[in-house]
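Peer 1: Contents of protein-v1.cif (mmCIF, C-alpha atoms) are below:
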```
data_entry
#
loop_
_atom_site.group_PDB
_atom_site.id
_atom_site.type_symbol
_atom_site.label_atom_id
_atom_site.label_comp_id
_atom_site.auth_asym_id
_atom_site.auth_seq_id
_atom_site.Cartn_x
_atom_site.Cartn_y
_atom_site.Cartn_z
ATOM 1 C CA MET A 5 0.000 0.000 0.000
ATOM 2 C CA LYS A 6 2.856 2.300 0.768
ATOM 3 C CA ASN A 7 4.257 1.781 -2.733
ATOM 4 C CA VAL A 8 0.966 2.886 -4.313
ATOM 5 C CA THR A 9 0.866 5.998 -2.154
ATOM 6 C CA ASP A 10 4.491 6.727 -2.891
ATOM 7 C CA SER A 11 3.873 6.408 -6.605
ATOM 8 C CA PHE A 12 1.015 8.955 -6.441
ATOM 9 C CA VAL A 13 3.113 11.289 -4.350
ATOM 10 C CA SER A 14 6.013 10.923 -6.754
ATOM 11 C CA LEU A 15 3.694 11.774 -9.643
ATOM 12 C CA GLY A 16 3.171 15.134 -8.047
ATOM 13 C CA TYR A 17 6.821 15.915 -8.527
ATOM 14 C CA TRP A 18 6.895 15.112 -12.213
ATOM 15 C CA PRO A 19 7.192 18.008 -14.433
ATOM 16 C CA PHE A 20 4.283 18.808 -16.678
ATOM 17 C CA ALA A 21 4.940 17.289 -20.016
ATOM 18 C CA GLY A 22 2.145 18.971 -21.663
ATOM 19 C CA SER A 23 -1.340 17.591 -21.452
ATOM 20 C CA PHE A 24 -1.875 15.306 -18.474
ATOM 21 C CA GLY A 25 -0.873 15.388 -14.833
ATOM 22 C CA PHE A 26 -1.978 15.336 -11.249
ATOM 23 C CA ASN A 27 -2.581 18.537 -9.436
ATOM 24 C CA THR A 28 -1.742 18.055 -5.802
ATOM 25 C CA ASP A 29 -3.023 21.429 -4.719
ATOM 26 C CA ILE A 30 -6.030 20.423 -2.672
ATOM 27 C CA LEU A 31 -7.618 23.853 -2.523
ATOM 28 C CA ALA A 32 -7.570 24.210 -6.281
ATOM 29 C CA THR A 33 -8.678 20.679 -7.151
ATOM 30 C CA ASN A 34 -11.539 20.133 -4.641
ATOM 31 C CA PRO A 35 -14.039 22.568 -6.169
ATOM 32 C CA ILE A 36 -13.299 21.235 -9.618
ATOM 33 C CA ASN A 37 -13.605 17.622 -8.482
ATOM 34 C CA LEU A 38 -16.808 18.386 -6.598
ATOM 35 C CA THR A 39 -18.250 20.141 -9.619
ATOM 36 C CA VAL A 40 -17.402 17.203 -11.846
ATOM 37 C CA VAL A 41 -18.783 14.677 -9.360
ATOM 38 C CA LEU A 42 -21.948 16.697 -8.835
ATOM 39 C CA GLY A 43 -22.387 17.123 -12.583
ATOM 40 C CA VAL A 44 -22.027 13.376 -13.145
ATOM 41 C CA LEU A 45 -24.395 12.632 -10.264
ATOM 42 C CA ILE A 46 -26.936 15.106 -11.538
ATOM 43 C CA PHE A 47 -26.688 13.883 -15.103
ATOM 44 C CA PHE A 48 -26.803 10.154 -14.367
ATOM 45 C CA GLY A 49 -28.559 10.217 -10.991
ATOM 46 C CA LYS A 50 -31.336 12.610 -11.941
ATOM 47 C CA GLY A 51 -33.575 9.832 -13.297
ATOM 48 C CA VAL A 52 -32.864 7.488 -10.399
ATOM 49 C CA LEU A 53 -33.310 10.250 -7.845
ATOM 50 C CA SER A 54 -36.462 11.412 -9.590
ATOM 51 C CA ASP A 55 -37.837 7.823 -9.553
ATOM 52 C CA LEU A 56 -36.906 7.404 -5.890
ATOM 53 C CA LEU A 57 -38.569 10.696 -4.998
ATOM 54 C CA ASP A 58 -41.661 9.828 -7.058
ATOM 55 C CA ASN A 59 -41.868 6.418 -5.385
ATOM 56 C CA ARG A 60 -41.435 8.033 -1.977
ATOM 57 C CA LYS A 61 -44.048 10.651 -2.863
ATOM 58 C CA GLN A 62 -46.494 7.894 -3.961
ATOM 59 C CA ARG A 63 -45.869 5.920 -0.750
ATOM 60 C CA ILE A 64 -46.439 9.058 1.332
ATOM 61 C CA LEU A 65 -49.620 9.878 -0.618
ATOM 62 C CA ASN A 66 -50.811 6.269 -0.258
ATOM 63 C CA THR A 67 -50.050 6.370 3.442
ATOM 64 C CA ILE A 68 -51.935 9.663 3.779
ATOM 65 C CA ARG A 69 -54.862 8.265 1.759
ATOM 66 C CA ASN A 70 -54.904 5.083 3.866
ATOM 67 C CA SER A 71 -54.660 7.169 7.006
ATOM 68 C CA GLU A 72 -57.592 9.305 5.850
ATOM 69 C CA GLU A 73 -59.622 6.186 5.077
ATOM 70 C CA LEU A 74 -58.741 4.703 8.458
ATOM 71 C CA ARG A 75 -59.565 8.027 10.095
ATOM 72 C CA GLY A 76 -62.920 8.103 8.301
ATOM 73 C CA GLY A 77 -63.606 4.516 9.365
ATOM 74 C CA ALA A 78 -62.552 5.322 12.924
ATOM 75 C CA ILE A 79 -64.829 8.382 12.975
ATOM 76 C CA GLU A 80 -67.704 6.260 11.650
ATOM 77 C CA GLN A 81 -67.051 3.592 14.286
ATOM 78 C CA LEU A 82 -66.811 6.297 16.934
ATOM 79 C CA GLU A 83 -70.205 7.690 15.891
ATOM 80 C CA LYS A 84 -71.695 4.200 15.924
ATOM 81 C CA ALA A 85 -70.190 3.590 19.356
ATOM 82 C CA ARG A 86 -71.567 6.917 20.587
ATOM 83 C CA ALA A 87 -75.009 6.031 19.232
ATOM 84 C CA ARG A 88 -74.823 2.623 20.925
ATOM 85 C CA LEU A 89 -73.677 4.316 24.126
ATOM 86 C CA ARG A 90 -76.635 6.736 24.004
ATOM 87 C CA LYS A 91 -78.980 3.814 23.358
ATOM 88 C CA VAL A 92 -77.493 1.776 26.208
ATOM 89 C CA GLU A 93 -77.661 4.790 28.527
ATOM 90 C CA MET A 94 -81.334 5.282 27.646
ATOM 91 C CA GLU A 95 -82.019 1.587 28.236
ATOM 92 C CA ALA A 96 -80.111 1.750 31.520
ATOM 93 C CA ASN A 97 -82.208 4.739 32.582
ATOM 94 C CA GLU A 98 -85.381 2.866 31.610
ATOM 95 C CA PHE A 99 -84.212 -0.177 33.561
ATOM 96 C CA ARG A 100 -83.340 2.038 36.498
ATOM 97 C CA VAL A 101 -86.748 3.764 36.425
ATOM 98 C CA ASN A 102 -88.547 0.477 35.834
ATOM 99 C CA GLY A 103 -86.424 -1.140 38.511
ATOM 100 C CA TYR A 104 -87.356 1.545 41.024
ATOM 101 C CA SER A 105 -91.008 1.235 40.016
ATOM 102 C CA GLU A 106 -90.794 -2.536 40.298
ATOM 103 C CA ILE A 107 -89.137 -2.226 43.709
ATOM 104 C CA GLU A 108 -91.871 0.138 44.886
ATOM 105 C CA ARG A 109 -94.558 -2.160 43.505
ATOM 106 C CA GLU A 110 -92.968 -5.193 45.169
ATOM 107 C CA LYS A 111 -92.625 -3.241 48.411
ATOM 108 C CA TRP A 112 -96.327 -2.351 48.382
ATOM 109 C CA ASN A 113 -97.259 -5.893 47.397
ATOM 110 C CA LEU A 114 -95.193 -7.196 50.309
ATOM 111 C CA ILE A 115 -96.750 -4.678 52.693
ATOM 112 C CA ASN A 116 -100.268 -5.575 51.481
ATOM 113 C CA SER A 117 -99.503 -9.284 51.677
ATOM 114 C CA THR A 118 -98.118 -8.878 55.199
ATOM 115 C CA TYR A 119 -101.159 -6.826 56.196
ATOM 116 C CA LYS A 120 -103.507 -9.499 54.804
ATOM 117 C CA THR A 121 -101.527 -12.224 56.562
ATOM 118 C CA LEU A 122 -101.726 -10.289 59.832
ATOM 119 C CA GLU A 123 -105.457 -9.812 59.293
ATOM 120 C CA GLN A 124 -105.899 -13.549 58.690
ATOM 121 C CA LEU A 125 -103.835 -14.341 61.778
ATOM 122 C CA GLU A 126 -105.944 -11.903 63.794
ATOM 123 C CA ASN A 127 -109.127 -13.562 62.437
ATOM 124 C CA TYR A 128 -107.724 -17.011 63.242
ATOM 125 C CA LYS A 129 -106.827 -15.806 66.727
ATOM 126 C CA ASN A 130 -110.323 -14.380 67.240
ATOM 127 C CA GLU A 131 -111.922 -17.558 65.877
ATOM 128 C CA THR A 132 -109.717 -19.682 68.135
ATOM 129 C CA ILE A 133 -110.598 -17.538 71.150
ATOM 130 C CA HIS A 134 -114.300 -17.712 70.243
ATOM 131 C CA PHE A 135 -114.061 -21.482 69.728
ATOM 132 C CA GLU A 136 -112.255 -21.921 73.041
ATOM 133 C CA GLN A 137 -114.857 -19.727 74.764
ATOM 134 C CA GLN A 138 -117.704 -21.751 73.217
ATOM 135 C CA SER A 139 -115.915 -24.958 74.145
ATOM 136 C CA ALA A 140 -115.435 -23.742 77.731
ATOM 137 C CA ILE A 141 -119.071 -22.563 77.893
ATOM 138 C CA ASN A 142 -120.292 -25.907 76.531
ATOM 139 C CA GLU A 143 -118.095 -27.792 79.008
ATOM 140 C CA VAL A 144 -119.434 -25.674 81.876
ATOM 141 C CA ARG A 145 -123.013 -26.214 80.614
ATOM 142 C CA GLN A 146 -122.437 -29.949 80.431
ATOM 143 C CA GLN A 147 -121.009 -29.979 83.936
ATOM 144 C CA VAL A 148 -123.871 -27.819 85.248
ATOM 145 C CA PHE A 149 -126.413 -29.985 83.391
ATOM 146 C CA GLN A 150 -124.693 -33.120 84.696
ATOM 147 C CA GLN A 151 -124.738 -31.777 88.242
ATOM 148 C CA ALA A 152 -128.351 -30.613 87.868
ATOM 149 C CA LEU A 153 -129.331 -33.980 86.456
ATOM 150 C CA GLU A 154 -127.538 -35.795 89.226
ATOM 151 C CA GLY A 155 -129.169 -33.486 91.775
ATOM 152 C CA ALA A 156 -132.594 -33.984 90.178
ATOM 153 C CA LEU A 157 -132.108 -37.736 90.051
ATOM 154 C CA GLY A 158 -130.939 -37.688 93.635
ATOM 155 C CA THR A 159 -133.993 -35.657 94.627
ATOM 156 C CA LEU A 160 -136.318 -37.864 92.573
ATOM 157 C CA ASN A 161 -134.821 -41.026 93.968
ATOM 158 C CA SER A 162 -135.140 -39.760 97.493
ATOM 159 C CA CYS A 163 -138.665 -38.406 96.959
ATOM 160 C CA LEU A 164 -140.112 -40.988 94.648
ATOM 161 C CA ASN A 165 -141.427 -44.242 95.682
ATOM 162 C CA ASN A 166 -142.463 -47.054 93.346
ATOM 163 C CA GLU A 167 -145.986 -45.862 92.843
ATOM 164 C CA LEU A 168 -144.983 -42.275 92.055
ATOM 165 C CA HIS A 169 -142.282 -43.583 89.840
ATOM 166 C CA LEU A 170 -144.691 -45.718 87.789
ATOM 167 C CA ARG A 171 -147.112 -42.791 87.405
ATOM 168 C CA THR A 172 -144.321 -40.522 86.140
ATOM 169 C CA ILE A 173 -143.259 -43.127 83.619
ATOM 170 C CA SER A 174 -146.855 -43.585 82.430
ATOM 171 C CA ALA A 175 -147.305 -39.808 82.082
ATOM 172 C CA ASN A 176 -144.127 -39.524 80.034
ATOM 173 C CA ILE A 177 -145.152 -42.441 77.822
ATOM 174 C CA GLY A 178 -148.519 -40.768 77.280
ATOM 175 C CA MET A 179 -146.840 -37.502 76.456
ATOM 176 C CA PHE A 180 -144.559 -39.203 73.913
ATOM 177 C CA GLY A 181 -147.548 -40.953 72.363
ATOM 178 C CA THR A 182 -149.368 -37.633 71.971
ATOM 179 C CA MET A 183 -146.298 -36.096 70.397
ATOM 180 C CA LYS A 184 -146.031 -39.003 67.974
ATOM 181 C CA GLU A 185 -149.653 -38.567 66.897
ATOM 182 C CA ILE A 186 -149.069 -34.849 66.317
ATOM 183 C CA ILE A 187 -145.958 -35.509 64.236
ATOM 184 C CA ASP A 188 -147.684 -38.189 62.135
#
```
Just give me the structure as structure tokens.

Peer 2:
Amino acid sequence: MKNVTDSFVSLGYWPFAGSFGFNTDILATNPINLTVVLGVLIFFGKGVLSDLLDNRKQRILNTIRNSEELRGGAIEQLEKARARLRKVEMEANEFRVNGYSEIEREKWNLINSTYKTLEQLENYKNETIHFEQQSAINEVRQQVFQQALEGALGTLNSCLNNELHLRTISANIGMFGTMKEIID
């Protein structure tokens, strides 16, 4: 590598023979070289650069178009979602109102049912008390009747003799006979 560099450096010391040579003055050669390189790039690279820029422009336009389409679709979906949200909110409000109404209705139904149940229990209590009173009254009547009957039988047995007893039986039989004739 050093030999190649040395050969270029040694070329700089050659005298100009006339038409061709290397100019080693960097400040003088750089603008010329840059102009030549830029001219070649512009001449040959103009079509390639133009195609690259056109392709890039088309990709950017396609991306913008796709983005606009996606944006439009997103806006449409957003509107649909908002409409669904409004609908769901209205339904939720209806359910809430209906729910409160249903709760109130159930509350009043429960209160009425409880009131009716309490009324029935009160009626059952009163009927039970009345039945127990009647049962107690009937039991007392039976006991009083039993005692009165026993007392009457005791009195009759002590007061009656056989003759009086036979006359009482005959009178009762006559009374039953008369009653039978009236019924027939």

Peer 1: Please indicate the distance in Å from CA of Ala156 in chain A to CA of Gly178 in chain A, rounded to one decimal place.

Peer 2: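 Distance between the two atoms: 21.6 Å.
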
Peer 1: Enter the distance from CA of Leu74 in chain A to CA of Asp58 in chain A, in Å, rounded to one decimal.

Peer 2: 23.6 Å

Peer 1: Please report the interatomic distance between CA of Asn113 in chain A and CA of Leu125 in chain A in Å with one decimal.

Peer 2: 17.9 Å
